[in-house]
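Next up, structure.pdb (PDB, C-alpha atoms):
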```
MODEL        1
ATOM      1  CA  THR A   1      33.903  37.957  10.400
ATOM      2  CA  LYS A   2      34.822  40.671  12.912
ATOM      3  CA  THR A   3      36.017  44.238  12.222
ATOM      4  CA  TYR A   4      38.345  45.844  14.766
ATOM      5  CA  THR A   5      38.928  49.610  14.865
ATOM      6  CA  ASP A   6      42.010  50.971  16.619
ATOM      7  CA  GLN A   7      45.075  53.166  16.149
ATOM      8  CA  LEU A   8      47.634  52.246  13.487
ATOM      9  CA  VAL A   9      51.258  53.413  13.649
ATOM     10  CA  VAL A  10      53.821  52.881  10.888
ATOM     11  CA  THR A  11      57.549  52.932  11.672
ATOM     12  CA  ILE A  12      60.231  53.186   8.979
ATOM     13  CA  ASN A  13      63.920  53.626   9.839
ATOM     14  CA  GLU A  14      62.968  54.317  13.480
ATOM     15  CA  GLU A  15      60.648  57.196  12.442
ATOM     16  CA  SER A  16      56.990  56.673  13.427
ATOM     17  CA  THR A  17      53.885  58.247  11.952
ATOM     18  CA  GLU A  18      51.190  59.849  14.056
ATOM     19  CA  PRO A  19      48.583  57.264  15.095
ATOM     20  CA  GLN A  20      45.694  57.061  12.659
ATOM     21  CA  GLU A  21      42.408  55.208  12.988
ATOM     22  CA  ALA A  22      42.224  52.049  10.895
ATOM     23  CA  ASN A  23      40.127  48.912  10.518
ATOM     24  CA  VAL A  24      41.375  45.347  10.434
ATOM     25  CA  VAL A  25      38.987  42.569   9.458
ATOM     26  CA  ILE A  26      39.410  39.046  10.840
ATOM     27  CA  SER A  27      37.539  36.321   8.953
ATOM     28  CA  TYR A  28      37.294  33.008  10.779
ATOM     29  CA  LEU A  29      37.575  29.818   8.746
ATOM     30  CA  GLU A  30      35.947  26.451   9.407
ATOM     31  CA  ASP A  31      39.289  24.800  10.269
ATOM     32  CA  GLY A  32      39.841  27.209  13.224
ATOM     33  CA  SER A  33      42.298  29.452  11.385
ATOM     34  CA  CYS A  34      41.584  32.960  10.126
ATOM     35  CA  ASN A  35      42.376  35.548   7.467
ATOM     36  CA  LEU A  36      43.454  39.116   8.305
ATOM     37  CA  SER A  37      42.791  42.102   6.069
ATOM     38  CA  LEU A  38      44.127  45.653   6.441
ATOM     39  CA  GLU A  39      42.434  47.534   3.616
ATOM     40  CA  LYS A  40      43.536  50.775   1.944
ATOM     41  CA  PHE A  41      46.843  50.848   3.823
ATOM     42  CA  CYS A  42      48.773  54.086   3.281
ATOM     43  CA  LEU A  43      52.147  55.433   4.356
ATOM     44  CA  GLY A  44      52.184  58.963   5.719
ATOM     45  CA  SER A  45      49.255  61.335   6.045
ATOM     46  CA  GLY A  46      47.850  64.551   4.623
ATOM     47  CA  GLU A  47      49.636  65.753   1.493
ATOM     48  CA  ASP A  48      52.528  63.328   2.094
ATOM     49  CA  ILE A  49      50.366  60.225   1.754
ATOM     50  CA  LEU A  50      51.569  57.245  -0.259
ATOM     51  CA  PRO A  51      48.751  54.768  -1.033
ATOM     52  CA  VAL A  52      50.069  51.198  -0.675
ATOM     53  CA  GLY A  53      47.000  48.939  -0.901
ATOM     54  CA  ASN A  54      45.225  46.033   0.762
ATOM     55  CA  ILE A  55      47.289  43.709   2.944
ATOM     56  CA  ASN A  56      45.618  40.296   3.094
ATOM     57  CA  VAL A  57      47.162  37.474   5.098
ATOM     58  CA  LYS A  58      45.448  34.097   4.761
ATOM     59  CA  GLY A  59      45.409  30.843   6.715
ATOM     60  CA  ILE A  60      46.649  32.186  10.061
ATOM     61  CA  THR A  61      46.768  29.543  12.804
ATOM     62  CA  LEU A  62      45.249  30.699  16.105
ATOM     63  CA  GLU A  63      46.498  29.389  19.465
ATOM     64  CA  ASP A  64      44.134  29.509  22.481
ATOM     65  CA  GLY A  65      45.417  30.667  25.852
ATOM     66  CA  ASP A  66      43.653  32.228  28.875
ATOM     67  CA  GLY A  67      40.870  33.823  26.822
ATOM     68  CA  VAL A  68      43.321  35.442  24.378
ATOM     69  CA  LYS A  69      44.140  33.886  21.011
ATOM     70  CA  THR A  70      47.675  34.413  19.718
ATOM     71  CA  PHE A  71      49.062  34.070  16.214
ATOM     72  CA  SER A  72      52.305  34.300  14.301
ATOM     73  CA  THR A  73      53.049  33.677  10.637
ATOM     74  CA  LYS A  74      55.633  34.444   7.972
ATOM     75  CA  GLN A  75      54.287  34.581   4.442
ATOM     76  CA  ILE A  76      54.947  36.017   1.033
ATOM     77  CA  ILE A  77      51.954  38.049  -0.123
ATOM     78  CA  LEU A  78      50.866  40.239  -3.014
ATOM     79  CA  ILE A  79      49.582  43.638  -1.907
ATOM     80  CA  GLU A  80      46.403  44.407  -3.847
ATOM     81  CA  ALA A  81      45.096  47.786  -5.037
ATOM     82  CA  GLY A  82      43.118  49.522  -2.291
ATOM     83  CA  ASP A  83      40.476  50.839  -4.664
ATOM     84  CA  GLU A  84      39.985  49.663  -8.216
ATOM     85  CA  ASN A  85      39.166  53.214  -9.343
ATOM     86  CA  THR A  86      42.549  54.590  -8.276
ATOM     87  CA  GLU A  87      45.746  53.839 -10.176
ATOM     88  CA  SER A  88      48.118  55.331  -7.583
ATOM     89  CA  TRP A  89      48.353  52.241  -5.325
ATOM     90  CA  ILE A  90      52.007  51.124  -5.255
ATOM     91  CA  GLY A  91      51.364  47.730  -3.595
ATOM     92  CA  PRO A  92      50.511  45.850  -6.813
ATOM     93  CA  MET A  93      53.753  47.109  -8.410
ATOM     94  CA  LEU A  94      55.892  45.595  -5.628
ATOM     95  CA  GLY A  95      55.299  41.966  -6.601
ATOM     96  CA  GLU A  96      55.823  39.319  -3.936
ATOM     97  CA  VAL A  97      56.469  40.849  -0.505
ATOM     98  CA  PRO A  98      57.716  38.892   2.540
ATOM     99  CA  ILE A  99      55.814  39.749   5.729
ATOM    100  CA  GLU A 100      55.969  38.652   9.340
ATOM    101  CA  LEU A 101      52.715  38.941  11.290
ATOM    102  CA  THR A 102      52.299  38.437  15.049
ATOM    103  CA  GLY A 103      49.468  39.339  17.377
ATOM    104  CA  LYS A 104      46.709  38.439  19.753
ATOM    105  CA  LEU A 105      42.981  38.907  19.883
ATOM    106  CA  THR A 106      39.804  38.542  21.895
ATOM    107  CA  ASP A 107      36.214  39.236  20.875
ATOM    108  CA  GLU A 108      36.701  42.875  21.926
ATOM    109  CA  LYS A 109      40.333  43.653  21.058
ATOM    110  CA  LEU A 110      42.990  43.004  18.424
ATOM    111  CA  PHE A 111      46.704  43.773  18.556
ATOM    112  CA  CYS A 112      48.963  42.930  15.643
ATOM    113  CA  SER A 113      52.364  43.785  14.311
ATOM    114  CA  ILE A 114      53.209  43.437  10.618
ATOM    115  CA  ASP A 115      56.783  43.682   9.388
ATOM    116  CA  ILE A 116      56.844  44.231   5.627
ATOM    117  CA  ASP A 117      60.306  43.331   4.356
ATOM    118  CA  MET A 118      61.165  45.841   1.646
ATOM    119  CA  THR A 119      64.944  45.436   1.929
ATOM    120  CA  GLU A 120      65.214  44.147  -1.661
ATOM    121  CA  SER A 121      63.491  47.146  -3.287
ATOM    122  CA  LEU A 122      63.523  50.004  -0.757
ATOM    123  CA  GLU A 123      66.286  48.827   1.613
ATOM    124  CA  GLN A 124      64.011  49.032   4.643
ATOM    125  CA  ILE A 125      61.528  47.133   6.754
ATOM    126  CA  ILE A 126      58.149  48.783   7.233
ATOM    127  CA  HIS A 127      56.787  48.065  10.711
ATOM    128  CA  VAL A 128      53.008  48.404  11.105
ATOM    129  CA  GLN A 129      51.408  48.209  14.559
ATOM    130  CA  PHE A 130      47.652  48.015  15.049
ATOM    131  CA  GLY A 131      46.313  48.564  18.572
ATOM    132  CA  THR A 132      48.228  48.076  21.802
ATOM    133  CA  ASP A 133      49.482  44.937  23.478
ATOM    134  CA  GLU A 134      47.495  45.608  26.661
ATOM    135  CA  PHE A 135      44.916  42.946  27.352
ATOM    136  CA  VAL A 136      42.895  42.848  30.573
ATOM    137  CA  PRO A 137      42.656  39.259  31.810
ATOM    138  CA  ALA A 138      39.161  37.860  31.889
ATOM    139  CA  ALA A 139      37.523  37.729  35.304
ATOM    140  CA  PRO A 140      37.490  34.219  36.740
ATOM    141  CA  ALA A 141      34.199  32.471  36.254
ATOM    142  CA  VAL A 142      32.099  31.766  39.330
ATOM    143  CA  VAL A 143      31.905  27.992  39.430
ATOM    144  CA  ASP A 144      29.260  27.430  42.082
ATOM    145  CA  THR A 145      27.660  29.259  44.984
ATOM    146  CA  LYS A 146      25.800  27.953  48.002
ATOM    147  CA  THR A 147      23.716  29.700  50.660
ATOM    148  CA  TYR A 148      23.897  28.611  54.327
ATOM    149  CA  THR A 149      21.329  29.563  56.962
ATOM    150  CA  ASP A 150      22.099  29.025  60.642
ATOM    151  CA  GLN A 151      22.198  30.744  64.008
ATOM    152  CA  LEU A 152      24.674  33.601  64.378
ATOM    153  CA  VAL A 153      25.965  34.375  67.836
ATOM    154  CA  VAL A 154      27.533  37.787  68.429
ATOM    155  CA  THR A 155      29.335  38.517  71.699
ATOM    156  CA  ILE A 156      30.088  42.132  72.648
ATOM    157  CA  ASN A 157      31.563  42.880  76.071
ATOM    158  CA  GLU A 158      30.589  39.371  77.150
ATOM    159  CA  GLU A 159      26.903  39.902  76.242
ATOM    160  CA  ARG A 160      25.447  37.499  73.690
ATOM    161  CA  ASP A 161      22.784  38.237  71.118
ATOM    162  CA  ARG A 162      21.174  35.324  69.262
ATOM    163  CA  LYS A 163      19.475  36.100  65.962
ATOM    164  CA  SER A 164      18.661  34.049  62.916
ATOM    165  CA  THR A 165      20.814  35.420  60.106
ATOM    166  CA  ARG A 166      21.400  34.324  56.551
ATOM    167  CA  LEU A 167      25.039  34.239  55.438
ATOM    168  CA  ASN A 168      26.195  33.999  51.852
TER     169      ASN A 168
ENDMDL
END
```
Starting from the coordinates I provided, produce the structure as structure tokens.
Amino acid sequence: TKTYTDQLVVTINEESTEPQEANVVISYLEDGSCNLSLEKFCLGSGEDILPVGNINVKGITLEDGDGVKTFSTKQIILIEAGDENTESWIGPMLGEVPIELTGKLTDEKLFCSIDIDMTESLEQIIHVQFGTDEFVPAAPAVVDTKTYTDQLVVTINEERDRKSTRLN
């Protein structure tokens, strides 16, 4: 299990919220897939906050590529209450919700985009973006090195100087 902390931005009808810090938990499964959890997800901020709940997406297939794993899935999920002591979470009242999840991850960074299709009930798609899609490629691994020792001859203005020098 790995917890990623980054900025979360929600876009509804082309209006985006201010970035807010959030945590997404990735739980790796024995079959090479994973589960993703965005807990206590809310729309808005401050006094205009609307508590939605926990978004849990299970059985996500990971594809390896150049040190970055990618994923994409479409599922129907149930959004769970974010805190059992609070009754104001609207997620459980929504029933089955279609989502589309895409993203990529490394050990250090996660980027994901979740489209929550609320066209049936709210006539809109809620777009949630966690992190940025900027991944620095891993440095190439040094396969093998070898040290050579031999005579080095330097000629300056036709004068030679012979010294034993080690070159790497």
**Asked** Residues at most 10 Å from Gly32 in chain A, counting all atoms listed in the file, excluding those fewer than 4 positions away in the same chain, as an NGL selection string?
**Response** :A and (28 or 59-63)
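Closest to Asp117 in chain A among A:Ile12, A:Met93, A:Leu43, A:Leu36 is A:Ile12, based on only C-alpha atoms.
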**Asked** Using only C-alpha atoms, which residues sit within 8 Å of Tyr4 in chain A once same-chain residues fewer than 5 positions away are excluded, as a list in words?
**Response** Asn23, Val24, Val25, Ile26, Glu108, Lys109 and Leu110 of chain A
**Residue with smallest distance to Leu38 in chain A - pool A:Thr155, A:Thr73, A:Ser113, A:Gln124, counting all atoms listed in the file** =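 Smallest distance to Leu38 in chain A is found for A:Ser113.
Distance-wise, CA of Ser121 in chain A and CA of Leu94 in chain A end up 8.1 Å apart.
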**Asked** What is the distance, in Å and to one decimal place, between CA of Ser33 in chain A and CA of Lys2 in chain A?
**Response**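 A separation of 13.6 Å between them.
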Complete the atom set of range 103-127 of chain A to N, CA, C and O atoms and return it as a JSON list (two decimals), in the frame of the given file.
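Final output, saved to out_1.json:
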```
[["chain", "number", "residue", "atom", "x", "y", "z"],
["A", 103, "GLY", "N", 50.51, 38.61, 16.68],
["A", 103, "GLY", "CA", 49.47, 39.34, 17.38],
["A", 103, "GLY", "C", 48.67, 38.49, 18.32],
["A", 103, "GLY", "O", 48.98, 37.31, 18.57],
["A", 104, "LYS", "N", 47.64, 39.12, 18.85],
["A", 104, "LYS", "CA", 46.71, 38.44, 19.75],
["A", 104, "LYS", "C", 45.37, 39.11, 19.65],
["A", 104, "LYS", "O", 45.27, 40.29, 19.27],
["A", 105, "LEU", "N", 44.32, 38.35, 19.99],
["A", 105, "LEU", "CA", 42.98, 38.91, 19.88],
["A", 105, "LEU", "C", 42.01, 38.26, 20.86],
["A", 105, "LEU", "O", 42.24, 37.14, 21.32],
["A", 106, "THR", "N", 40.98, 39.02, 21.17],
["A", 106, "THR", "CA", 39.80, 38.54, 21.90],
["A", 106, "THR", "C", 38.60, 39.01, 21.08],
["A", 106, "THR", "O", 38.76, 39.63, 20.03],
["A", 107, "ASP", "N", 37.40, 38.76, 21.58],
["A", 107, "ASP", "CA", 36.21, 39.24, 20.88],
["A", 107, "ASP", "C", 36.16, 40.76, 20.84],
["A", 107, "ASP", "O", 35.60, 41.35, 19.92],
["A", 108, "GLU", "N", 36.78, 41.42, 21.82],
["A", 108, "GLU", "CA", 36.70, 42.88, 21.93],
["A", 108, "GLU", "C", 37.93, 43.61, 21.40],
["A", 108, "GLU", "O", 37.86, 44.79, 21.10],
["A", 109, "LYS", "N", 39.08, 42.94, 21.32],
["A", 109, "LYS", "CA", 40.33, 43.65, 21.06],
["A", 109, "LYS", "C", 41.27, 42.85, 20.16],
["A", 109, "LYS", "O", 41.35, 41.64, 20.26],
["A", 110, "LEU", "N", 41.98, 43.60, 19.30],
["A", 110, "LEU", "CA", 42.99, 43.00, 18.42],
["A", 110, "LEU", "C", 44.27, 43.83, 18.53],
["A", 110, "LEU", "O", 44.23, 45.06, 18.51],
["A", 111, "PHE", "N", 45.39, 43.15, 18.66],
["A", 111, "PHE", "CA", 46.70, 43.77, 18.56],
["A", 111, "PHE", "C", 47.47, 42.97, 17.52],
["A", 111, "PHE", "O", 47.48, 41.73, 17.56],
["A", 112, "CYS", "N", 48.10, 43.66, 16.58],
["A", 112, "CYS", "CA", 48.96, 42.93, 15.64],
["A", 112, "CYS", "C", 50.09, 43.82, 15.17],
["A", 112, "CYS", "O", 50.01, 45.04, 15.17],
["A", 113, "SER", "N", 51.16, 43.15, 14.80],
["A", 113, "SER", "CA", 52.36, 43.78, 14.31],
["A", 113, "SER", "C", 52.71, 43.12, 12.98],
["A", 113, "SER", "O", 52.79, 41.90, 12.90],
["A", 114, "ILE", "N", 52.87, 43.95, 11.95],
["A", 114, "ILE", "CA", 53.21, 43.44, 10.62],
["A", 114, "ILE", "C", 54.54, 44.06, 10.20],
["A", 114, "ILE", "O", 54.66, 45.28, 10.13],
["A", 115, "ASP", "N", 55.52, 43.22, 9.95],
["A", 115, "ASP", "CA", 56.78, 43.68, 9.39],
["A", 115, "ASP", "C", 56.77, 43.34, 7.90],
["A", 115, "ASP", "O", 56.70, 42.18, 7.52],
["A", 116, "ILE", "N", 56.83, 44.39, 7.08],
["A", 116, "ILE", "CA", 56.84, 44.23, 5.63],
["A", 116, "ILE", "C", 58.29, 44.41, 5.18],
["A", 116, "ILE", "O", 58.86, 45.49, 5.31],
["A", 117, "ASP", "N", 58.88, 43.33, 4.70],
["A", 117, "ASP", "CA", 60.31, 43.33, 4.36],
["A", 117, "ASP", "C", 60.51, 43.90, 2.95],
["A", 117, "ASP", "O", 60.30, 43.23, 1.95],
["A", 118, "MET", "N", 60.93, 45.16, 2.92],
["A", 118, "MET", "CA", 61.16, 45.84, 1.65],
["A", 118, "MET", "C", 62.66, 46.08, 1.43],
["A", 118, "MET", "O", 63.05, 47.00, 0.72],
["A", 119, "THR", "N", 63.50, 45.24, 2.04],
["A", 119, "THR", "CA", 64.94, 45.44, 1.93],
["A", 119, "THR", "C", 65.44, 45.24, 0.49],
["A", 119, "THR", "O", 66.40, 45.89, 0.09],
["A", 120, "GLU", "N", 64.80, 44.38, -0.27],
["A", 120, "GLU", "CA", 65.21, 44.15, -1.66],
["A", 120, "GLU", "C", 64.99, 45.38, -2.53],
["A", 120, "GLU", "O", 65.84, 45.75, -3.32],
["A", 121, "SER", "N", 63.82, 46.03, -2.39],
["A", 121, "SER", "CA", 63.49, 47.15, -3.29],
["A", 121, "SER", "C", 63.72, 48.52, -2.68],
["A", 121, "SER", "O", 64.16, 49.44, -3.36],
["A", 122, "LEU", "N", 63.41, 48.69, -1.38],
["A", 122, "LEU", "CA", 63.52, 50.00, -0.76],
["A", 122, "LEU", "C", 64.58, 50.06, 0.35],
["A", 122, "LEU", "O", 64.74, 51.09, 1.00],
["A", 123, "GLU", "N", 65.26, 48.94, 0.58],
["A", 123, "GLU", "CA", 66.29, 48.83, 1.61],
["A", 123, "GLU", "C", 65.79, 49.22, 3.01],
["A", 123, "GLU", "O", 66.46, 49.90, 3.77],
["A", 124, "GLN", "N", 64.58, 48.76, 3.32],
["A", 124, "GLN", "CA", 64.01, 49.03, 4.64],
["A", 124, "GLN", "C", 62.92, 48.02, 4.98],
["A", 124, "GLN", "O", 62.39, 47.35, 4.11],
["A", 125, "ILE", "N", 62.64, 47.94, 6.27],
["A", 125, "ILE", "CA", 61.53, 47.13, 6.75],
["A", 125, "ILE", "C", 60.48, 48.10, 7.27],
["A", 125, "ILE", "O", 60.78, 49.00, 8.06],
["A", 126, "ILE", "N", 59.26, 47.94, 6.79],
["A", 126, "ILE", "CA", 58.15, 48.78, 7.23],
["A", 126, "ILE", "C", 57.45, 48.04, 8.36],
["A", 126, "ILE", "O", 56.98, 46.92, 8.17],
["A", 127, "HIS", "N", 57.42, 48.67, 9.53],
["A", 127, "HIS", "CA", 56.79, 48.06, 10.71],
["A", 127, "HIS", "C", 55.43, 48.73, 10.92],
["A", 127, "HIS", "O", 55.34, 49.95, 11.06]]
```
